[in-house]
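Note: the block below is query_27.cif and it holds mmCIF, C-alpha atoms and all ligand atoms.
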data_final
#
loop_
_atom_site.label_atom_id
_atom_site.label_comp_id
_atom_site.auth_asym_id
_atom_site.auth_seq_id
_atom_site.Cartn_x
_atom_site.Cartn_y
_atom_site.Cartn_z
CA MET K 21 0.00 0.00 0.00
CA ALA K 22 1.65 3.21 -1.14
CA ARG K 23 0.86 6.48 0.54
CA ASN K 24 3.27 9.32 -0.19
CA LEU K 25 3.19 12.95 0.80
CA TYR K 26 5.32 15.20 -1.37
CA GLU K 27 6.34 18.24 0.62
CA LEU K 28 8.59 21.24 0.30
CA GLN K 29 12.16 20.71 1.39
CA GLY K 30 14.18 23.62 2.63
CA ARG K 31 17.73 23.96 3.84
CA ALA K 32 19.11 21.11 5.98
CA ASP K 33 16.10 18.97 5.03
CA LYS K 34 13.68 21.13 7.00
CA ARG K 35 10.09 20.83 5.79
CA LEU K 36 8.97 24.40 5.73
CA SER K 37 5.70 24.73 3.84
CA PRO K 38 2.79 25.77 6.07
CA PHE K 39 0.44 23.89 3.74
CA CYS K 40 2.48 20.68 3.90
CA TRP K 41 2.47 20.88 7.70
CA ARG K 42 -1.31 20.99 7.65
CA THR K 43 -1.34 17.75 5.69
CA ARG K 44 1.31 16.08 7.86
CA MET K 45 -0.72 16.81 10.96
CA ALA K 46 -3.90 15.58 9.25
CA LEU K 47 -2.25 12.26 8.36
CA TRP K 48 -0.98 11.80 11.91
CA HIS K 49 -4.38 12.75 13.31
CA LYS K 50 -5.97 10.05 11.16
CA GLY K 51 -3.25 7.61 12.22
CA LEU K 52 -2.29 7.00 8.60
CA GLU K 53 1.22 6.01 7.73
CA ALA K 54 2.86 7.81 4.83
CA GLU K 55 6.24 8.36 3.35
CA PHE K 56 7.23 12.03 3.37
CA ILE K 57 9.01 12.78 0.14
CA PRO K 58 11.07 15.97 -0.04
CA VAL K 59 10.68 18.23 -3.06
CA GLN K 60 12.75 21.33 -3.64
CA PHE K 61 11.44 24.28 -5.65
CA GLY K 62 13.69 23.18 -8.51
CA GLN K 63 12.39 19.60 -8.53
CA LYS K 64 8.97 20.06 -10.14
CA ASP K 65 9.60 16.87 -12.12
CA LYS K 66 8.99 14.90 -8.90
CA ILE K 67 5.36 16.09 -8.79
CA ALA K 68 4.73 16.36 -12.55
CA PHE K 69 2.40 13.33 -12.25
CA SER K 70 -0.03 15.55 -10.30
CA GLY K 71 -0.52 17.85 -13.30
CA GLN K 72 0.40 21.02 -11.40
CA LYS K 73 3.39 22.60 -9.68
CA LEU K 74 2.59 23.07 -6.00
CA VAL K 75 3.03 20.92 -2.90
CA PRO K 76 1.55 19.27 -0.91
CA VAL K 77 0.64 16.40 -3.20
CA LEU K 78 -0.76 13.24 -1.68
CA GLU K 79 -0.51 9.93 -3.49
CA ASP K 80 -2.81 7.40 -1.90
CA ASN K 81 -2.60 4.18 -3.91
CA GLU K 82 -4.04 5.22 -7.29
CA ARG K 83 -5.43 8.52 -6.04
CA VAL K 84 -3.44 11.72 -6.54
CA ILE K 85 -4.68 14.78 -4.69
CA HIS K 86 -3.20 18.25 -4.42
CA ASP K 87 -4.07 21.37 -2.42
CA SER K 88 -3.99 21.01 1.36
CA TRP K 89 -7.71 21.73 1.85
CA THR K 90 -8.73 19.25 -0.85
CA ILE K 91 -6.43 16.67 0.73
CA ALA K 92 -7.96 17.23 4.19
CA CYS K 93 -11.46 16.72 2.78
CA TYR K 94 -10.30 13.63 0.90
CA LEU K 95 -8.77 12.11 4.04
CA GLU K 96 -11.89 12.88 6.05
CA ASP K 97 -14.20 11.28 3.50
CA ALA K 98 -12.00 8.34 2.53
CA TYR K 99 -11.14 7.37 6.12
CA ARG K 100 -14.41 7.85 7.97
CA ASP K 101 -13.58 5.12 10.46
CA ARG K 102 -10.53 7.10 11.68
CA PRO K 103 -10.63 10.09 14.08
CA SER K 104 -12.47 12.97 12.43
CA LEU K 105 -10.53 16.02 11.26
CA PHE K 106 -13.54 18.31 11.39
CA GLY K 107 -16.06 16.86 13.84
CA GLY K 108 -18.96 16.98 11.40
CA ALA K 109 -20.33 19.24 8.67
CA ALA K 110 -20.48 22.39 10.82
CA GLY K 111 -16.89 21.82 11.93
CA ARG K 112 -15.82 21.38 8.31
CA ALA K 113 -17.48 24.67 7.39
CA GLY K 114 -15.78 26.44 10.31
CA ALA K 115 -12.41 24.98 9.35
CA ARG K 116 -12.99 26.09 5.75
CA PHE K 117 -13.40 29.64 6.99
CA ILE K 118 -10.21 29.47 9.06
CA ASN K 119 -8.38 28.03 6.03
CA GLY K 120 -9.41 30.99 3.91
CA TRP K 121 -8.75 33.51 6.67
CA VAL K 122 -5.22 32.23 7.29
CA ASP K 123 -4.43 32.05 3.55
CA ARG K 124 -5.87 35.42 2.61
CA ALA K 125 -5.44 37.58 5.73
CA ILE K 126 -2.62 36.09 7.81
CA HIS K 127 -0.19 34.84 5.15
CA PRO K 128 0.06 38.10 3.19
CA ALA K 129 0.76 40.03 6.42
CA MET K 130 3.30 37.41 7.47
CA LEU K 131 5.13 37.38 4.14
CA ARG K 132 5.55 41.13 4.35
CA LEU K 133 7.56 40.54 7.54
CA VAL K 134 9.63 37.51 6.59
CA LEU K 135 9.96 37.16 2.81
CA SER K 136 13.70 37.90 2.72
CA ASP K 137 14.27 35.61 5.75
CA ILE K 138 12.73 32.72 3.84
CA HIS K 139 15.22 33.32 1.05
CA ASP K 140 18.24 33.90 3.29
CA ARG K 141 17.69 31.29 6.00
CA ALA K 142 15.23 28.62 4.96
CA ILE K 143 15.52 27.87 1.26
CA ASP K 144 18.21 25.57 0.00
CA GLU K 145 20.91 27.58 -1.79
CA ALA K 146 20.13 25.85 -5.08
CA ASP K 147 16.56 27.18 -4.89
CA GLN K 148 17.44 30.77 -4.02
CA PRO K 149 17.57 32.14 -7.60
CA TYR K 150 14.16 30.60 -8.43
CA PHE K 151 12.65 31.85 -5.18
CA ARG K 152 13.97 35.37 -5.71
CA ALA K 153 12.85 35.58 -9.34
CA SER K 154 9.37 34.10 -8.77
CA ARG K 155 8.60 36.12 -5.64
CA GLU K 156 10.00 39.39 -6.99
CA LYS K 157 7.77 38.91 -10.02
CA ARG K 158 4.77 38.13 -7.81
CA PHE K 159 5.26 41.02 -5.39
CA GLY K 160 6.72 43.52 -7.83
CA LYS K 161 9.70 44.44 -5.64
CA ALA K 162 13.12 43.17 -4.58
CA LEU K 163 12.76 40.77 -1.64
CA GLU K 164 14.68 43.15 0.61
CA ALA K 165 12.53 46.14 -0.39
CA PHE K 166 9.30 44.18 0.12
CA THR K 167 10.26 42.87 3.55
CA ASP K 168 9.37 45.33 6.27
CA LYS K 169 9.98 44.49 9.92
CA SER K 170 9.00 47.85 11.32
CA GLU K 171 7.34 47.97 14.73
CA HIS K 172 3.99 49.04 13.37
CA ARG K 173 3.87 46.13 10.91
CA ILE K 174 4.73 43.65 13.65
CA ALA K 175 2.05 45.17 15.89
CA ALA K 176 -0.48 45.03 13.05
CA PHE K 177 0.34 41.37 12.45
CA ARG K 178 -0.14 40.52 16.12
CA GLU K 179 -3.43 42.35 16.13
CA LYS K 180 -4.68 40.39 13.13
CA LEU K 181 -4.48 37.26 15.29
CA GLU K 182 -6.89 38.72 17.86
CA PRO K 183 -9.80 36.42 16.82
CA VAL K 184 -7.60 33.45 17.75
CA ARG K 185 -6.99 34.87 21.24
CA LEU K 186 -10.70 35.42 21.72
CA ALA K 187 -11.45 31.82 20.72
CA LEU K 188 -8.74 30.51 23.06
CA GLU K 189 -10.41 32.30 25.97
CA ASP K 190 -13.22 29.75 25.71
CA SER K 191 -11.39 26.54 24.83
CA PRO K 192 -7.83 25.23 24.69
CA TYR K 193 -7.96 24.66 20.92
CA LEU K 194 -9.58 26.43 17.99
CA ALA K 195 -11.71 23.34 17.44
CA GLY K 196 -12.74 23.20 21.11
CA PRO K 197 -11.57 20.75 23.78
CA ALA K 198 -9.20 18.85 21.47
CA PRO K 199 -7.21 19.81 18.37
CA LEU K 200 -8.69 19.23 14.94
CA TYR K 201 -7.86 20.41 11.42
CA ALA K 202 -8.79 24.02 12.29
CA ASP K 203 -5.81 23.99 14.66
CA TYR K 204 -3.50 22.32 12.15
CA ILE K 205 -4.15 25.14 9.69
CA LEU K 206 -2.76 27.83 11.99
CA PHE K 207 -0.14 25.46 13.38
CA GLY K 208 1.38 25.15 9.89
CA THR K 209 1.82 28.90 9.76
CA CYS K 210 3.42 29.11 13.22
CA LYS K 211 5.73 26.23 12.39
CA PHE K 212 6.75 27.91 9.15
CA LEU K 213 7.55 31.12 11.02
CA GLU K 214 9.61 29.26 13.58
CA ILE K 215 11.65 27.56 10.85
CA CYS K 216 12.06 30.60 8.60
CA SER K 217 12.54 33.67 10.70
CA PRO K 218 14.30 34.93 13.82
CA LEU K 219 11.39 37.34 14.37
CA VAL K 220 9.53 36.61 17.58
CA LEU K 221 5.95 37.28 16.63
CA LEU K 222 4.33 35.61 19.61
CA ALA K 223 5.29 36.93 23.04
CA GLU K 224 5.56 34.33 25.81
CA ASP K 225 2.50 35.72 27.59
CA ASP K 226 0.41 35.51 24.41
CA PRO K 227 -2.28 32.81 24.70
CA ILE K 228 -1.41 31.79 21.14
CA TYR K 229 2.11 31.01 22.35
CA SER K 230 0.73 28.59 24.98
CA TRP K 231 -1.57 27.05 22.37
CA TYR K 232 1.43 26.58 20.03
CA GLU K 233 3.40 24.91 22.83
CA ARG K 234 0.51 22.49 23.38
CA MET K 235 0.38 21.79 19.66
CA LEU K 236 4.13 21.04 19.55
CA GLY K 237 3.55 18.25 22.06
CA LEU K 238 1.12 16.40 19.77
CA PHE K 239 1.85 13.08 18.10
CA ASP K 240 4.56 12.00 20.52
CA GLY K 241 6.29 15.35 20.07
CA PHE K 242 6.70 14.79 16.34
CA ALA K 243 4.94 18.07 15.68
CA ALA K 244 7.96 19.68 17.34
CA SER K 245 10.43 18.13 14.89
CA ASP K 246 11.74 20.04 11.90
CA GLY K 247 9.86 17.58 9.81
CA ALA K 248 12.71 15.59 8.36
CA ALA K 249 12.09 12.50 10.46
CA ASP K 250 9.16 10.23 9.68
CA ARG K 251 6.87 9.04 12.43
CA GLN K 252 5.86 5.42 12.32
CA VAL K 253 2.19 5.06 13.08
CA ALA K 254 1.46 2.05 15.25
N1 LIG K 301 -3.51 26.35 -1.91
C1 LIG K 301 -2.37 25.46 -1.88
C2 LIG K 301 -1.08 26.27 -1.80
C3 LIG K 301 0.16 25.40 -1.97
C4 LIG K 301 1.43 26.22 -2.15
O1 LIG K 301 1.43 27.45 -2.39
N2 LIG K 301 2.58 25.54 -2.01
C5 LIG K 301 3.87 26.19 -2.16
C6 LIG K 301 4.78 25.80 -1.00
S1 LIG K 301 4.38 26.68 0.46
C7 LIG K 301 4.57 25.66 -3.41
O2 LIG K 301 4.48 24.49 -3.73
N3 LIG K 301 5.32 26.52 -4.12
C8 LIG K 301 6.05 26.10 -5.25
C9 LIG K 301 6.50 27.25 -6.09
O3 LIG K 301 6.26 28.39 -5.71
O4 LIG K 301 7.11 26.99 -7.13
C10 LIG K 301 -2.52 24.48 -0.70
O5 LIG K 301 -3.27 24.79 0.24
O6 LIG K 301 -1.94 23.39 -0.76
#
What is this structure when it is put down as structure tokens?
Amino acid sequence: MARNLYELQGRADKRLSPFCWRTRMALWHKGLEAEFIPVQFGQKDKIAFSGQKLVPVLEDNERVIHDSWTIACYLEDAYRDRPSLFGGAAGRAGARFINGWVDRAIHPAMLRLVLSDIHDRAIDEADQPYFRASREKRFGKALEAFTDKSEHRIAAFREKLEPVRLALEDSPYLAGPAPLYADYILFGTCKFLEICSPLVLLAEDDPIYSWYERMLGLFDGFAASDGAADRQVA
């Protein structure tokens, strides 16, 4: 039985994509074993079979699925006998909202703070020219000119996360008493930040910091790894 997750590989074999982390956590949550296959930006040939150029890509026997949200829905529907990622239709709809909110509101604000860090610290050297060219084309500026770590931008980023703090006042996880996919979505982003940037965006007294610490303890502490090691599911 072949189940492979193709995920972005950064420097020193760190798995840095926030989207790939979502899928990793979803697989572990479902208790599904998979091989985690590293793909660098310059290795699109490895995922050519998926008919597109982005990771994560999940190969589950004959099925090939891409896009982290589509993969989460696939896993939920294909493995109904395993622990649920959403906790029902309403939970899936709530998670869908968080997915869109993180992608469209949090990620753009985050990239503004750390884009040049990703290039300088996280991407394998061989990928740096591709990363620079593709992102400078996308954002219309040199990486260094686009990146802005000024106090007001950091404060604005922290403020954007206020809905998360409000939710954590009522329950330890975004999904309620126990972590579900809604939590894995934001976890991927925090993990990415930890791997890519020296910026400390969560103060130690921030409730999101405590939530992140709890999340790092999941799956026998494997969520705390840099992603290179595979976890064997019993
Ligand atoms: N909506 C997609 C986004 C996937 C995505 O943007 N992946 C990035 C890695 S973080 C990628 O593969 N980039 C390759 C490239 O830019 O060439 C998802 O949720 O999976």
List as a Markdown table every residue of chain K that is in contact with ligand LIG 301 (chain K), defined as an atom at most 7 Å from one of its atoms (using only C-alpha atoms and all ligand atoms), together with the nearest atom pair and the distance in Å rounded to one decimal, sorted by chain and then rising number.
| residue | atom | partner | partner_atom | distance |
| --- | --- | --- | --- | --- |
| K:Leu28 | CA | K:LIG301 | C6 | 6.1 |
| K:Ser37 | CA | K:LIG301 | S1 | 4.1 |
| K:Pro38 | CA | K:LIG301 | S1 | 5.9 |
| K:Phe39 | CA | K:LIG301 | O6 | 5.1 |
| K:Cys40 | CA | K:LIG301 | O6 | 7.0 |
| K:Phe61 | CA | K:LIG301 | O4 | 5.3 |
| K:Lys73 | CA | K:LIG301 | C8 | 6.2 |
| K:Leu74 | CA | K:LIG301 | O2 | 3.3 |
| K:Val75 | CA | K:LIG301 | O2 | 3.9 |
| K:Pro76 | CA | K:LIG301 | O6 | 5.4 |
| K:His86 | CA | K:LIG301 | O6 | 6.4 |
| K:Asp87 | CA | K:LIG301 | O6 | 3.4 |
| K:Ser88 | CA | K:LIG301 | O6 | 3.8 |
| K:Trp89 | CA | K:LIG301 | O5 | 5.6 |
Exercise for the section: Step by step: start from the point (-10.0, 23.8, 13.2) in the file's coordinates, keep every protein, DNA or RNA residue that has an atom no farther than 9 Å from it, count all atoms listed in the file, and write the set as a ChimeraX atom specification. Expected result: /K:105-106,111-112,114-116,118-119,193-196,199-206
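Of the listed residues K:Gly237, K:Asn24, K:Ala175, K:Ile138, the one whose atoms come nearest to Glu214 of chain K is K:Ile138, with distances taken using all atoms listed in the file.
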Any idea what's packed within 12 Å of segment 156-158 of chain K, counting only C-alpha atoms, ignoring anything in its chain fewer than 6 positions away? Could you give it as an mmCIF file with C-alpha atoms, keeping the file's coordinate frame?
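For reference, selection25.cif as written:
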data_model
loop_
_atom_site.group_PDB
_atom_site.id
_atom_site.type_symbol
_atom_site.label_atom_id
_atom_site.label_comp_id
_atom_site.auth_asym_id
_atom_site.auth_seq_id
_atom_site.Cartn_x
_atom_site.Cartn_y
_atom_site.Cartn_z
ATOM 1 C CA PRO K 128 0.060 38.100 3.190
ATOM 2 C CA LEU K 131 5.130 37.380 4.140
ATOM 3 C CA LEU K 135 9.960 37.160 2.810
ATOM 4 C CA SER K 136 13.700 37.900 2.720
ATOM 5 C CA HIS K 139 15.220 33.320 1.050
ATOM 6 C CA GLN K 148 17.440 30.770 -4.020
ATOM 7 C CA PRO K 149 17.570 32.140 -7.600
ATOM 8 C CA TYR K 150 14.160 30.600 -8.430
ATOM 9 C CA GLU K 164 14.680 43.150 0.610
ATOM 10 C CA ALA K 165 12.530 46.140 -0.390
ATOM 11 C CA PHE K 166 9.300 44.180 0.120
ATOM 12 C CA THR K 167 10.260 42.870 3.550
#
Problem - Shortest interatomic distance to His49 of chain K - which of K:Glu27, K:Asp144, K:Glu224, K:Glu96, counting all atoms listed in the file - result: K:Glu96
Handout entry: Shell around Leu236 of chain K at 12 Å using only C-alpha atoms, local window under 2 positions removed, as a ChimeraX atom specification
Key = /K:41,45,199,203-204,207-208,210-211,214,229-234,238-247
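Our summary of the geometry notes that atom CA of Arg173 of chain K is positioned 12.1 Å from atom CA of Leu219 of chain K.
In this model, the gap between atom CA of Ile174 of chain K and atom CA of Ala125 of chain K comes to 14.2 Å.
As for atom CA of Cys93 of chain K and atom CA of Val77 of chain K, they are spaced 13.5 Å apart.
Using all atoms listed in the file, the nearest neighbour of Ala32 of chain K within the list K:His172, K:Lys50, K:Arg141, K:His127 is K:Arg141.
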Practice task
Take the point (11.3, 33.4, 10.2) as written in the file and pick out every residue within 6 Å of it, counting all atoms listed in the file; give the list as JSON, numbers by chain.
Solution key: {"K": [134, 137, 213, 214, 215, 216, 217, 218, 219]}
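With all atoms listed in the file as the atoms that count, the minimum distance from Ala46 of chain K to the choices K:Gly30, K:Pro58, K:Pro103, K:Pro183 is reached by K:Pro103.
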Exercise for the section: For each of K:Asp168, K:Ala54, K:Asp101, K:Arg23, take the minimum atom-to-atom distance to Arg83 of chain K, counting only C-alpha atoms, then give the residue where this is smallest. Expected result: K:Arg23
Practice task
Can you work out which one of K:Arg155, K:Tyr99, K:Arg44, K:Tyr26 has the shortest atom-to-atom distance to Lys66 of chain K, counting all atoms listed in the file?
Solution key: K:Tyr26
Neighbour list for Pro197 of chain K as a PDB file with C-alpha atoms, in the coordinates of the input, cut-off 12 Å, all atoms listed in the file, skip fewer than 5 positions in-chain:
ATOM      1  CA  GLY K 107     -16.060  16.860  13.840  1.00  0.00           C
ATOM      2  CA  ALA K 187     -11.450  31.820  20.720  1.00  0.00           C
ATOM      3  CA  LEU K 188      -8.740  30.510  23.060  1.00  0.00           C
ATOM      4  CA  GLU K 189     -10.410  32.300  25.970  1.00  0.00           C
ATOM      5  CA  ASP K 190     -13.220  29.750  25.710  1.00  0.00           C
ATOM      6  CA  SER K 191     -11.390  26.540  24.830  1.00  0.00           C
ATOM      7  CA  PRO K 192      -7.830  25.230  24.690  1.00  0.00           C
ATOM      8  CA  ASP K 203      -5.810  23.990  14.660  1.00  0.00           C
ATOM      9  CA  TRP K 231      -1.570  27.050  22.370  1.00  0.00           C
TER      10      TRP K 231
END
